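Engineer: Input: one structure, supplied below.
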Amino acid sequence: MAAGGFQYAGLFAPVSSARCRMSHVLGLKFRTHGSVYFFTSGPFVVTLGDFVLVKTEQGMGLAEVTQVREDAPPGMAEADLKPIYRLANEEDIAQHRENQDQAREAYRHCRGCIQERQLDMRLVDVEVFHDRGKIVFYFTAPGRIDFRELVKDLVKAYHTRIELRQIGVRHETQMIGALGNCGQVCCCKRFMRKFNPVTIKMAKDQNLFLNPAKISGICGRLLCCLGFEQHNYEEFQGRCPKIGKRFLTAQGPVRITRTNLFRETVSIQIESGEEKELSVEEWNTLRAGASELRGDAPPSPARGDADADHTAGEAGRGHAGGQTSGQGQRKKRPGRPRPNRSSQQPAQQQGQAGQNAPGNDKRQAPTPDPKQNQE
């Protein structure tokens, strides 16, 4: 009995643990070019490429399984994920195809209404929800559009909720798709789901020609692929000197002309005008030798004579009279002429000087008081 009980526990213990780990994390896409949303499979067995139904804030939706994970993606807790509603059957898939046909028909009808009302907008795509409780029309426009009459026409034609959503040119390219400068389908159509900011500084860091036709995509904005390798350029430039900076090395003064990430090299220009290409390790060795040379090498004769003259000038300024000679003498800046104080002495001071001279010792009589004369 003991042996049988041990075998019983050993046979069925792995099965119970597998049942506990039946639920997986699923990455779902409601549209081909849409973002990936994560749900749990719950009690259902789901494989890659299946269609499932999920409850959203805007109603029931049909989504395709694009990822099957054992755990939640970074930054998300599995306990916060919602489970799917159920697997899609043949009727759900057939209804999904009918919704796609209705979306194409609504696209043509909406374009006709836009041309009839002469609205400055461009229709991009139409999305019909699975339960047909809502139809979303995506469009681009240079500014704000008054489409209230257009909404009335669409509601009258389809008798459901209508939403007109304005998008940018990047999302337009993501929905339609196009070929990039590299000859492949645009990254936003293939795998990108979120757009990260791209700046002109990235093109400068990557030593690209600032030609709008070369660094812009089909949408007219800067290429999204500029940000894919930006961290590599930043890490490489952190190990290299700044372009245009001058250094004093063992080979004399040099200037940094360019850097090459793919070769891991630094190009320098020596004093004679010749350019040399060094690896990053060779540059670090040359730079280290330059610091030792600058600290141990004696000054050149020309620099020594100049220092001696400067010392002599400083010593001359310390003696009486403050006179200096040679290169140590300072040059006065041209400025406003100062007035001659000796020529502008007050006449009263000159009179006092004459009164104090010998032979002019005469005292003035005191002024009589008027009150004493009245008494």
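Residues in the structure tokens are named by chain (A, B, ... in the order shown) and by number from 1 within that chain; ligands are numbered from 1 in the order shown.
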Segment 8-237 of chain A: which residues are helix (DSSP H, G or I) by DSSP, as JSON, numbers by chain?
Structural biologist: {"A": [8, 9, 10, 11, 12, 13, 14, 15, 16, 17, 18, 19, 20, 78, 79, 80, 90, 91, 92, 93, 94, 95, 96, 97, 98, 99, 100, 101, 102, 103, 104, 105, 106, 107, 108, 109, 110, 111, 112, 113, 114, 115, 116, 117, 148, 149, 150, 151, 152, 153, 154, 155, 156, 157, 158, 169, 170, 171, 172, 173, 174, 175, 176, 187, 188, 189, 190, 200, 201, 202, 203, 204, 205, 212, 213, 214, 215, 224, 225, 226, 227, 230, 231, 232, 233, 234, 235, 236, 237]}
Engineer: Skip Met202 of chain A itself and residues of its chain fewer than 5 positions away, then list as a ChimeraX atom specification all residues within 10 Å of it, counting only C-alpha atoms.
Structural biologist: /A:207-208,222,226-227,229-231,233-234
Engineer: Extract, using only C-alpha atoms, all DNA, RNA and protein residues at most 7 Å from Lys189 of chain A, discarding same-chain residues fewer than 3 positions from it, and format them as an MDAnalysis selection string.
Structural biologist: chainID A and resid 33 174:175 177 185:186 192
Engineer: Out of A:Pro83, A:Asn260, A:Asn99, A:Lys156, which residue has the shortest atom-to-atom distance to Val126 of chain A when counting only C-alpha atoms?
Structural biologist: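 Smallest distance to Val126 of chain A is found for A:Asn99.
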Engineer: So that I can check the surroundings of segment 135-143 of chain A, please list as a PDB file with C-alpha atoms, in the first residue's frame every protein, DNA and RNA residue that reaches within 9 Å of it, counting only C-alpha atoms and ignoring chain neighbours fewer than 6 positions away.
Structural biologist:
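So the final result, stored in around.pdb, reads:
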ATOM      1  CA  ALA A 103     -16.003  48.795 -44.198  1.00  0.00           C
ATOM      2  CA  ALA A 106     -18.545  52.676 -46.164  1.00  0.00           C
ATOM      3  CA  TYR A 107     -15.172  53.978 -47.336  1.00  0.00           C
ATOM      4  CA  CYS A 110     -17.871  58.491 -47.174  1.00  0.00           C
ATOM      5  CA  ASP A 120     -10.746  69.743 -46.877  1.00  0.00           C
ATOM      6  CA  MET A 121     -10.056  66.279 -45.459  1.00  0.00           C
ATOM      7  CA  ARG A 122      -8.659  62.976 -46.694  1.00  0.00           C
ATOM      8  CA  LEU A 123     -10.247  59.682 -45.702  1.00  0.00           C
ATOM      9  CA  VAL A 124      -7.674  57.035 -44.749  1.00  0.00           C
ATOM     10  CA  ASP A 125      -9.467  53.939 -43.437  1.00  0.00           C
ATOM     11  CA  VAL A 126     -12.755  52.659 -41.977  1.00  0.00           C
ATOM     12  CA  GLU A 127     -13.162  50.197 -39.108  1.00  0.00           C
ATOM     13  CA  VAL A 128     -16.395  48.339 -38.306  1.00  0.00           C
ATOM     14  CA  PHE A 129     -16.693  46.822 -34.833  1.00  0.00           C
ATOM     15  CA  TYR A 158     -25.803  53.018 -41.521  1.00  0.00           C
ATOM     16  CA  THR A 160     -25.286  53.094 -35.905  1.00  0.00           C
ATOM     17  CA  ARG A 161     -22.781  55.103 -33.914  1.00  0.00           C
ATOM     18  CA  ILE A 162     -20.376  57.045 -36.122  1.00  0.00           C
ATOM     19  CA  GLU A 163     -16.975  58.370 -35.015  1.00  0.00           C
ATOM     20  CA  LEU A 164     -14.646  60.497 -37.158  1.00  0.00           C
ATOM     21  CA  ARG A 165     -11.098  60.369 -35.803  1.00  0.00           C
ATOM     22  CA  GLN A 166      -8.360  62.672 -37.101  1.00  0.00           C
ATOM     23  CA  ILE A 167      -4.865  61.118 -37.262  1.00  0.00           C
ATOM     24  CA  GLY A 168      -1.399  62.304 -38.260  1.00  0.00           C
ATOM     25  CA  VAL A 169       0.618  61.597 -41.368  1.00  0.00           C
ATOM     26  CA  GLU A 172      -1.672  57.361 -42.193  1.00  0.00           C
TER      27      GLU A 172
END
Engineer: Apply DSSP to the backbone of this structure and, from segment 131-253 of chain A, keep only the residues in strand (DSSP E or B); write these as a PDB file with N, CA and C atoms, in the first residue's frame.
Structural biologist:
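Saved result, part28.pdb, follows:
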ATOM      1  N   LYS A 134     -20.581  50.225 -33.778  1.00  0.00           N
ATOM      2  CA  LYS A 134     -19.850  51.478 -33.984  1.00  0.00           C
ATOM      3  C   LYS A 134     -18.987  51.339 -35.232  1.00  0.00           C
ATOM      4  N   ILE A 135     -18.903  52.440 -35.993  1.00  0.00           N
ATOM      5  CA  ILE A 135     -18.038  52.518 -37.175  1.00  0.00           C
ATOM      6  C   ILE A 135     -17.141  53.731 -37.015  1.00  0.00           C
ATOM      7  N   VAL A 136     -15.839  53.521 -37.172  1.00  0.00           N
ATOM      8  CA  VAL A 136     -14.852  54.586 -36.996  1.00  0.00           C
ATOM      9  C   VAL A 136     -14.266  54.914 -38.354  1.00  0.00           C
ATOM     10  N   PHE A 137     -14.253  56.229 -38.689  1.00  0.00           N
ATOM     11  CA  PHE A 137     -13.664  56.727 -39.935  1.00  0.00           C
ATOM     12  C   PHE A 137     -12.404  57.517 -39.585  1.00  0.00           C
ATOM     13  N   TYR A 138     -11.267  57.082 -40.106  1.00  0.00           N
ATOM     14  CA  TYR A 138      -9.988  57.741 -39.861  1.00  0.00           C
ATOM     15  C   TYR A 138      -9.681  58.659 -41.040  1.00  0.00           C
ATOM     16  N   PHE A 139      -9.266  59.904 -40.732  1.00  0.00           N
ATOM     17  CA  PHE A 139      -8.981  60.870 -41.789  1.00  0.00           C
ATOM     18  C   PHE A 139      -7.849  61.785 -41.349  1.00  0.00           C
ATOM     19  N   THR A 140      -7.257  62.458 -42.319  1.00  0.00           N
ATOM     20  CA  THR A 140      -6.241  63.481 -42.075  1.00  0.00           C
ATOM     21  C   THR A 140      -6.735  64.800 -42.650  1.00  0.00           C
ATOM     22  N   ARG A 161     -23.660  54.047 -34.419  1.00  0.00           N
ATOM     23  CA  ARG A 161     -22.781  55.103 -33.914  1.00  0.00           C
ATOM     24  C   ARG A 161     -21.658  55.358 -34.909  1.00  0.00           C
ATOM     25  N   ILE A 162     -21.405  56.638 -35.172  1.00  0.00           N
ATOM     26  CA  ILE A 162     -20.376  57.045 -36.122  1.00  0.00           C
ATOM     27  C   ILE A 162     -19.344  57.898 -35.375  1.00  0.00           C
ATOM     28  N   GLU A 163     -18.069  57.585 -35.601  1.00  0.00           N
ATOM     29  CA  GLU A 163     -16.975  58.370 -35.015  1.00  0.00           C
ATOM     30  C   GLU A 163     -15.977  58.726 -36.115  1.00  0.00           C
ATOM     31  N   LEU A 164     -15.665  60.021 -36.225  1.00  0.00           N
ATOM     32  CA  LEU A 164     -14.646  60.497 -37.158  1.00  0.00           C
ATOM     33  C   LEU A 164     -13.421  60.872 -36.337  1.00  0.00           C
ATOM     34  N   ARG A 165     -12.318  60.199 -36.600  1.00  0.00           N
ATOM     35  CA  ARG A 165     -11.098  60.369 -35.803  1.00  0.00           C
ATOM     36  C   ARG A 165      -9.980  60.890 -36.699  1.00  0.00           C
ATOM     37  N   GLN A 166      -9.451  62.061 -36.326  1.00  0.00           N
ATOM     38  CA  GLN A 166      -8.360  62.672 -37.101  1.00  0.00           C
ATOM     39  C   GLN A 166      -7.022  62.106 -36.629  1.00  0.00           C
ATOM     40  N   LEU A 179       6.671  51.756 -49.413  1.00  0.00           N
ATOM     41  CA  LEU A 179       8.064  51.324 -49.497  1.00  0.00           C
ATOM     42  C   LEU A 179       8.964  52.479 -49.074  1.00  0.00           C
ATOM     43  N   VAL A 185       9.279  47.446 -46.942  1.00  0.00           N
ATOM     44  CA  VAL A 185       8.052  48.020 -46.412  1.00  0.00           C
ATOM     45  C   VAL A 185       8.387  48.832 -45.162  1.00  0.00           C
ATOM     46  N   SER A 216      14.215  61.953 -44.569  1.00  0.00           N
ATOM     47  CA  SER A 216      12.769  61.966 -44.351  1.00  0.00           C
ATOM     48  C   SER A 216      12.155  60.722 -44.970  1.00  0.00           C
ATOM     49  N   LEU A 222      10.879  62.931 -40.188  1.00  0.00           N
ATOM     50  CA  LEU A 222      12.189  62.295 -40.066  1.00  0.00           C
ATOM     51  C   LEU A 222      12.048  60.782 -39.957  1.00  0.00           C
ATOM     52  N   ARG A 246      40.888  70.479 -30.424  1.00  0.00           N
ATOM     53  CA  ARG A 246      42.341  70.394 -30.627  1.00  0.00           C
ATOM     54  C   ARG A 246      43.000  69.810 -29.386  1.00  0.00           C
ATOM     55  N   PHE A 247      44.061  69.044 -29.638  1.00  0.00           N
ATOM     56  CA  PHE A 247      44.809  68.401 -28.568  1.00  0.00           C
ATOM     57  C   PHE A 247      46.292  68.551 -28.858  1.00  0.00           C
ATOM     58  N   LEU A 248      47.084  68.531 -27.783  1.00  0.00           N
ATOM     59  CA  LEU A 248      48.537  68.526 -27.878  1.00  0.00           C
ATOM     60  C   LEU A 248      49.011  67.114 -27.586  1.00  0.00           C
ATOM     61  N   THR A 249      49.515  66.437 -28.601  1.00  0.00           N
ATOM     62  CA  THR A 249      49.916  65.045 -28.485  1.00  0.00           C
ATOM     63  C   THR A 249      51.423  64.915 -28.675  1.00  0.00           C
ATOM     64  N   GLY A 252      52.618  66.378 -31.837  1.00  0.00           N
ATOM     65  CA  GLY A 252      52.356  67.797 -31.994  1.00  0.00           C
ATOM     66  C   GLY A 252      50.883  68.106 -31.859  1.00  0.00           C
ATOM     67  N   PRO A 253      50.479  69.334 -32.145  1.00  0.00           N
ATOM     68  CA  PRO A 253      49.055  69.688 -32.062  1.00  0.00           C
ATOM     69  C   PRO A 253      48.265  69.019 -33.173  1.00  0.00           C
TER      70      PRO A 253
END
Engineer: Could you pull the residues within 8 Å of segment 71-80 of chain A, counting only C-alpha atoms, minus those fewer than 5 positions along the same chain, as a list of chain:residue names?
Structural biologist: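 In the requested format, the answer is A:His24, A:Val25, A:Thr40.
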Engineer: How many Å lie between atom CA of Ile215 of chain A and atom CA of Leu278 of chain A, rounded to one decimal?
Structural biologist: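 About the pair atom CA of Ile215 of chain A and atom CA of Leu278 of chain A: they are 28.8 Å apart.
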